[in-house]
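Before any comments, here is the structure.
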Amino acid sequence: MPHVMNKLIGLSLFVCVAFSLQIFAQQKTINSGWQYSEDTNTWESVNIPHTWNKTDAFDDQPGYRRGLGYYKKIIFIQDEQKNHVHYLKFNAVNQEATVRVNGQIVGNHKGGYTAFNFEVTNFLKFGSYNLIEVTVDNSHNLDIPPLDADFTFYGGIYRDVELIALPKQHFSLDDDASEGFYVNYLEVSDKSASIEVDAILKNVALVHTPTNLNLVLLDHKGDVVTSRTETLELPAEETTTFKVKLPQIENPKLWSPETPNLYQLELTLTTEDGHVLDVKSTNIGFRWASVDPEKGFFLNGKSIKLIGVNRHQDFQGYANAVPTTLQEKDMELIKNMGANIIRFAHYPHARELYDLCDKLGIIVWTEIPIVNKVTDSEAFFETCMTMQKEHIKQYYNYPSVIMFGYMNEIFLRMAFGKSSEASKAKLKASTLELANQLEDVTRQLAPNHITVMACHLNEVYNETGIADLPMLLGWNLYFGWYDAEISDLGTFLDDQHKRFPKRSLLLSEYGPGADVRIFTRTPKNFDFSTDYQFKLHQSYYQQITDRPFMTGMTAWNFADFGSEFRGDAIPHVNQKGLVRYDRTPKDIYYWYKSVLVKDEKFIHLAVNHLNGMTLLGNDSFPVKMISNLNEAQVFLNGQLLEKVVFNNGVSEVDVPFVNGKNILHVESDVYSVEKSLEISRLEQLHFKDFKQLGINVGAHFYFKDLERQTTFVPDQAYEKGWFGYENGTPFGMTKTKNQGIPHNIKNTTSEPLFQTMLEGVTRYKVDLPTGYYKASLFFVEPKIKPTENIYNLSKVEVDHTKTQRIFNVLLNDSIVEEQFNLARAYPEKYGVTLTSNIRVNDDEGLTISLNPIVGQPVLSGILIEKIN
């Protein structure tokens, strides 16, 4: 870190730390027993971490509460503590916090993702109870980023709160809530390494105070590698930065994802006679990194292709108030997948995770949440600069942190907005000015790191020159999802590399949404099928690994995450994750493991979604088998089905499932796996071996409906002896969008059943044999427009004109509903089910008639159940 002052009045080598001495500094979490209120009238008991948006960000009502929340807690401070210096530390509060102690304001902090602390010594009553109050505000604030983003801005105190008591001489906590010291790697090679520590020491005593600063570097066994002791005189009532260089280390063990060798640096501040005042420690990882526009990323002089993920911090059932143990499991999942890099998006995450990245060997891109747009104001610029300074200082010492970033898709809102050209020009200029300031401060405060930013698919980043600022430029690209075709990724990257040959590039985001309940033989763009996710990721991986100039790729996203306004297959959730919101891996997670992990042999059968499915006719069904082995044998119900070779981590086998129980077994010389599946195979619609048939009208994919415990089969044109539509067209389907209506459907958790539909369908036939049946028909009105989602970036727009459609619903000429008017009778985007019992006579089958009166009828799904 820059600008330091030395006051070294003595030097001696220090061999060991006297750990038996009393440590005066005390630090404890005070997470339990807080009171929370939305209005200061009604209070409830809560523990930290806490957010008030855990449920309302996922309900059927648009929006979530953004405003004030109030916290308070009473703590007792012993009289013996009055000679200490006391701090309150908040590791993250979203997004603005005003802290009071005993009714007096002690400080305000803006920004929801970095830590902050306040000295509260003069506000405390010793030998008595003290009231801590925190007013939290997650309202939209033009002076605090992020202003706009594709994730939910949960409000609350969602990381640890700490009470810290320090002696009069201690490592300063006033430098943007850092630990009060910074480790600088002066020289690193495989032959030798040297480090220098900037120690920020504070003395609140009224007199100059002599102290000893002891530095000890330990290896992974706890043995001393090198050490040094400085005798320092701390000026009265001042904070002073001291530079201390450790003796050179010979033949250091280097840190990398393959061999995350760590040392431990212990820093101990003692009195002149050796009594311990304050102790700090940090991981030390000797490594050096660089990027080359032609050859990619280098670590310790060796070329490495970076393959990894982005991560958001929230978790199903917790929102952003996630226990640390669950978050730490994320890091283990990411490492077990074979990833060597993580981008902590779009803000600093819990510091415990960076510590794990050090230990597991995961390279870190960390950034602050300046996303989509900026405010051209002094206050906004000041908040951004403060945020980046806090970010760098708090995360500087982690050896896994190689990249510091500060902007993501910063022109996105402008690109999709309708402001004047003059306004756009002004916004471009102010954004570029802020980016320059942030780039400068990042290079100044974080030497030996790589600066980064990420852009979306728009020429504005090249036109403004903002793309030339960082040392490594990330492109967030969604070819085959929001834009063009999957294969266009490589074309775009080649063009950028040719036009800007001095830029180093990384694919910082990519990936389609995928719902594990949706699968198909014919994956299509924007259908949310796991099959399309598989197709796109495989192609992107190949296109990136084929290009030496690309430093690597980070998939969007590690896990599904909350984004309140989204209408994906699961509303309020962005489903681009390699694992689900509850961290259950999707099949694509195992594919990455198959190509990235070589030591741990495994076979994964991508069949969980098939259990309980309905198969029509005599067709087999393709099953993906994922493995890092070379070959295996496949058995169905004890009979050898096929010998397979795994090509690029996968083999696909057409499996002729039988009706009922199926045992699928795959084995090799070193590994075997077996799955039991229940399959309903319908050779005809006789309803003898099965009880129900679900049809996903207007869709090309299967939908496993957990709400109704059945798998709806894809739609088809009418085929005699089976079922199908006689007229109508799929609503909202285009070459590039195959979801139907991308909106939350109220009154259901089965959005994919309702989001697809046929419009203009007047006759639908199901050739049922004679018998009693219960028929359920599913509807939703598609043409009432909810809030626009700018993240569905397709240029194709669906006509949402508010209109009435009125039609009669009949089953074999029996009226089920007359004058059926969805727009008038039900709330916006409301899932409606009409159910009726019917007898089919003389094998006449079932004809569903939707007779139009006004407009065109719509139909989303059919469920037929045999009544005994």
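By order of appearance in the structure tokens: chains A, B, ..., then residues from 1 within every chain, and ligands from 1 in the order shown.
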Exercise: Ser836 of chain A partners within 7 Å, only C-alpha atoms, chain neighbours under 6 positions left out, as a list of chain:residue names: A:Lys774, A:Ala775, A:Ser776, A:Val816
Which of segment 430-625 of chain A fall in strand (DSSP E), as an MDAnalysis selection string: chainID A and resid 450:456 472:476 505:509 518:519 550:555 561:562 573:574 603:605 614:616 621:625
Test item: residues at most 10 Å from segment 825-827 of chain A, only C-alpha atoms, excluding those fewer than 4 positions along its chain, as a VMD selection string: chain A and resid 746 to 747 780 to 781 784 820 to 821 831 to 832
Residues within 10 Å of Val644 of chain A, only C-alpha atoms, excluding chain neighbours under 4 positions, as a PyMOL selection string: chain A and resi 625+630-634+650-653+666
Atoms kept (C-alpha atoms) for selection, written as a CSV table (one decimal), in the first residue's frame:
chain,number,residue,atom,x,y,z
A,625,MET,CA,-24.0,-40.7,-19.4
A,630,ASN,CA,-12.8,-43.7,-21.4
A,631,GLU,CA,-15.4,-46.4,-21.7
A,632,ALA,CA,-18.1,-48.4,-19.9
A,633,GLN,CA,-20.8,-51.0,-20.3
A,634,VAL,CA,-24.5,-50.2,-20.1
A,650,VAL,CA,-20.3,-37.8,-22.4
A,651,SER,CA,-22.0,-40.6,-24.2
A,652,GLU,CA,-25.7,-40.7,-25.2
A,653,VAL,CA,-27.5,-44.1,-25.4
A,666,VAL,CA,-23.3,-48.7,-16.0
Residue contacts of Thr375 of chain A (9 Å, only C-alpha atoms) excluding same-chain residues fewer than 4 positions away, as a list in words: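 Here the qualifying residues turn out to be Leu142, Asp143, Ile144, Pro145, Leu147, Ala379, Phe380, Phe381, Leu427, Ser430 and Thr431 of chain A.
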DSSP helix (DSSP H, G or I) selection over segment 709-784 of chain A, as a list in words: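 Taking segment 709-784 of chain A and keeping helix (DSSP H, G or I) only, one gets Glu751, Pro752, Leu753, Phe754 and Gln755 of chain A.
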Neighbour list for segment 499-509 of chain A as a list in words, cut-off 6 Å, only C-alpha atoms, skip fewer than 6 positions in-chain: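 Non-adjacent residues within range: Pro293, Leu472, Leu473, Gly474, Trp475, Asn476, Met550, Thr551, Gly552, Met553, Thr554, Ala555 and Trp556 of chain A.
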Near-Tyr718 of chain A list (12 Å; only C-alpha atoms; drop same-chain fewer than 5 positions) as a PyMOL selection string: chain A and resi 697+723-728+763-767+847
Selection to disk with N, CA, C and O atoms, as a PDB file, in the first residue's frame:
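Printed below is out-v8.pdb as written:
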ATOM      1  N   VAL A 697     -49.553 -28.671 -23.662  1.00  0.00           N
ATOM      2  CA  VAL A 697     -50.085 -28.105 -24.900  1.00  0.00           C
ATOM      3  C   VAL A 697     -49.238 -26.911 -25.348  1.00  0.00           C
ATOM      4  O   VAL A 697     -48.876 -26.041 -24.557  1.00  0.00           O
ATOM      5  N   PHE A 723     -53.458 -38.517 -29.665  1.00  0.00           N
ATOM      6  CA  PHE A 723     -54.019 -37.225 -29.260  1.00  0.00           C
ATOM      7  C   PHE A 723     -53.382 -36.151 -30.120  1.00  0.00           C
ATOM      8  O   PHE A 723     -52.413 -36.408 -30.847  1.00  0.00           O
ATOM      9  N   GLY A 724     -53.890 -34.932 -29.988  1.00  0.00           N
ATOM     10  CA  GLY A 724     -53.256 -33.808 -30.662  1.00  0.00           C
ATOM     11  C   GLY A 724     -54.235 -32.715 -31.024  1.00  0.00           C
ATOM     12  O   GLY A 724     -55.464 -32.874 -30.926  1.00  0.00           O
ATOM     13  N   TYR A 725     -53.666 -31.580 -31.461  1.00  0.00           N
ATOM     14  CA  TYR A 725     -54.481 -30.427 -31.838  1.00  0.00           C
ATOM     15  C   TYR A 725     -54.848 -30.532 -33.316  1.00  0.00           C
ATOM     16  O   TYR A 725     -54.083 -31.053 -34.133  1.00  0.00           O
ATOM     17  N   GLU A 726     -56.008 -30.014 -33.624  1.00  0.00           N
ATOM     18  CA  GLU A 726     -56.442 -29.953 -35.016  1.00  0.00           C
ATOM     19  C   GLU A 726     -56.188 -28.581 -35.621  1.00  0.00           C
ATOM     20  O   GLU A 726     -56.172 -28.441 -36.837  1.00  0.00           O
ATOM     21  N   ASN A 727     -55.997 -27.579 -34.756  1.00  0.00           N
ATOM     22  CA  ASN A 727     -55.670 -26.245 -35.233  1.00  0.00           C
ATOM     23  C   ASN A 727     -55.020 -25.462 -34.094  1.00  0.00           C
ATOM     24  O   ASN A 727     -54.860 -25.969 -32.986  1.00  0.00           O
ATOM     25  N   GLY A 728     -54.652 -24.235 -34.405  1.00  0.00           N
ATOM     26  CA  GLY A 728     -53.989 -23.414 -33.404  1.00  0.00           C
ATOM     27  C   GLY A 728     -52.493 -23.351 -33.631  1.00  0.00           C
ATOM     28  O   GLY A 728     -51.900 -24.196 -34.319  1.00  0.00           O
ATOM     29  N   ARG A 763     -60.266 -27.115 -31.559  1.00  0.00           N
ATOM     30  CA  ARG A 763     -60.545 -28.545 -31.355  1.00  0.00           C
ATOM     31  C   ARG A 763     -59.253 -29.266 -30.989  1.00  0.00           C
ATOM     32  O   ARG A 763     -58.225 -29.125 -31.654  1.00  0.00           O
ATOM     33  N   TYR A 764     -59.344 -30.061 -29.943  1.00  0.00           N
ATOM     34  CA  TYR A 764     -58.230 -30.881 -29.487  1.00  0.00           C
ATOM     35  C   TYR A 764     -58.788 -32.255 -29.181  1.00  0.00           C
ATOM     36  O   TYR A 764     -59.770 -32.387 -28.446  1.00  0.00           O
ATOM     37  N   LYS A 765     -58.182 -33.298 -29.749  1.00  0.00           N
ATOM     38  CA  LYS A 765     -58.742 -34.639 -29.610  1.00  0.00           C
ATOM     39  C   LYS A 765     -57.795 -35.549 -28.835  1.00  0.00           C
ATOM     40  O   LYS A 765     -56.576 -35.522 -29.022  1.00  0.00           O
ATOM     41  N   VAL A 766     -58.377 -36.355 -27.961  1.00  0.00           N
ATOM     42  CA  VAL A 766     -57.665 -37.411 -27.240  1.00  0.00           C
ATOM     43  C   VAL A 766     -58.481 -38.678 -27.425  1.00  0.00           C
ATOM     44  O   VAL A 766     -59.633 -38.754 -26.985  1.00  0.00           O
ATOM     45  N   ASP A 767     -57.915 -39.696 -28.086  1.00  0.00           N
ATOM     46  CA  ASP A 767     -58.677 -40.895 -28.447  1.00  0.00           C
ATOM     47  C   ASP A 767     -58.761 -41.872 -27.268  1.00  0.00           C
ATOM     48  O   ASP A 767     -58.102 -42.911 -27.216  1.00  0.00           O
ATOM     49  N   THR A 847     -63.202 -35.076 -27.290  1.00  0.00           N
ATOM     50  CA  THR A 847     -62.962 -33.882 -28.095  1.00  0.00           C
ATOM     51  C   THR A 847     -63.152 -32.658 -27.222  1.00  0.00           C
ATOM     52  O   THR A 847     -64.222 -32.463 -26.624  1.00  0.00           O
TER      53      THR A 847
END
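Distances to Trp43 of chain A were evaluated for A:Lys73, A:Lys661, A:Glu600, A:Tyr182 using only C-alpha atoms, and the minimum falls at A:Lys73.
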Determine, using only C-alpha atoms, which residues of segment 378-415 of chain A have any atom at most 12 Å from an atom of segment 255-272 of chain A, and tabulate each with its shortest atom pair and distance in Å to one decimal place, rows ordered by chain and then rising number, as a Markdown table.
| residue | atom | partner | partner_atom | distance |
| --- | --- | --- | --- | --- |
| A:Asn397 | CA | A:Leu265 | CA | 10.7 |
| A:Tyr398 | CA | A:Leu262 | CA | 10.7 |
| A:Pro399 | CA | A:Trp255 | CA | 8.2 |
| A:Ser400 | CA | A:Ser256 | CA | 8.6 |
| A:Val401 | CA | A:Ser256 | CA | 11.7 |
| A:Ile402 | CA | A:Ser256 | CA | 11.3 |
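With distances restricted to only C-alpha atoms, A:Trp52 is the closest residue to Ile157 of chain A from A:Phe24, A:Phe635, A:Trp52, A:Phe126.
Taking atom CA of Tyr461 of chain A as the reference point, atom CA of Phe411 of chain A is found at 7.9 Å.
Taking only C-alpha atoms into account, Phe526 of chain A lies nearest to A:Lys735 out of the set A:Lys601, A:Arg547, A:Lys735, A:His456.
Counting only C-alpha atoms, the residue from A:Ala559, A:Ala345, A:Leu333, A:Val645 that sits nearest to Gln575 of chain A is A:Ala559.
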Distance criterion (only C-alpha atoms): nearest to Lys586 of chain A out of A:Ile745, A:Ile663, A:Val364, A:Met337: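 For Lys586 of chain A, the nearest of the given residues is A:Met337.
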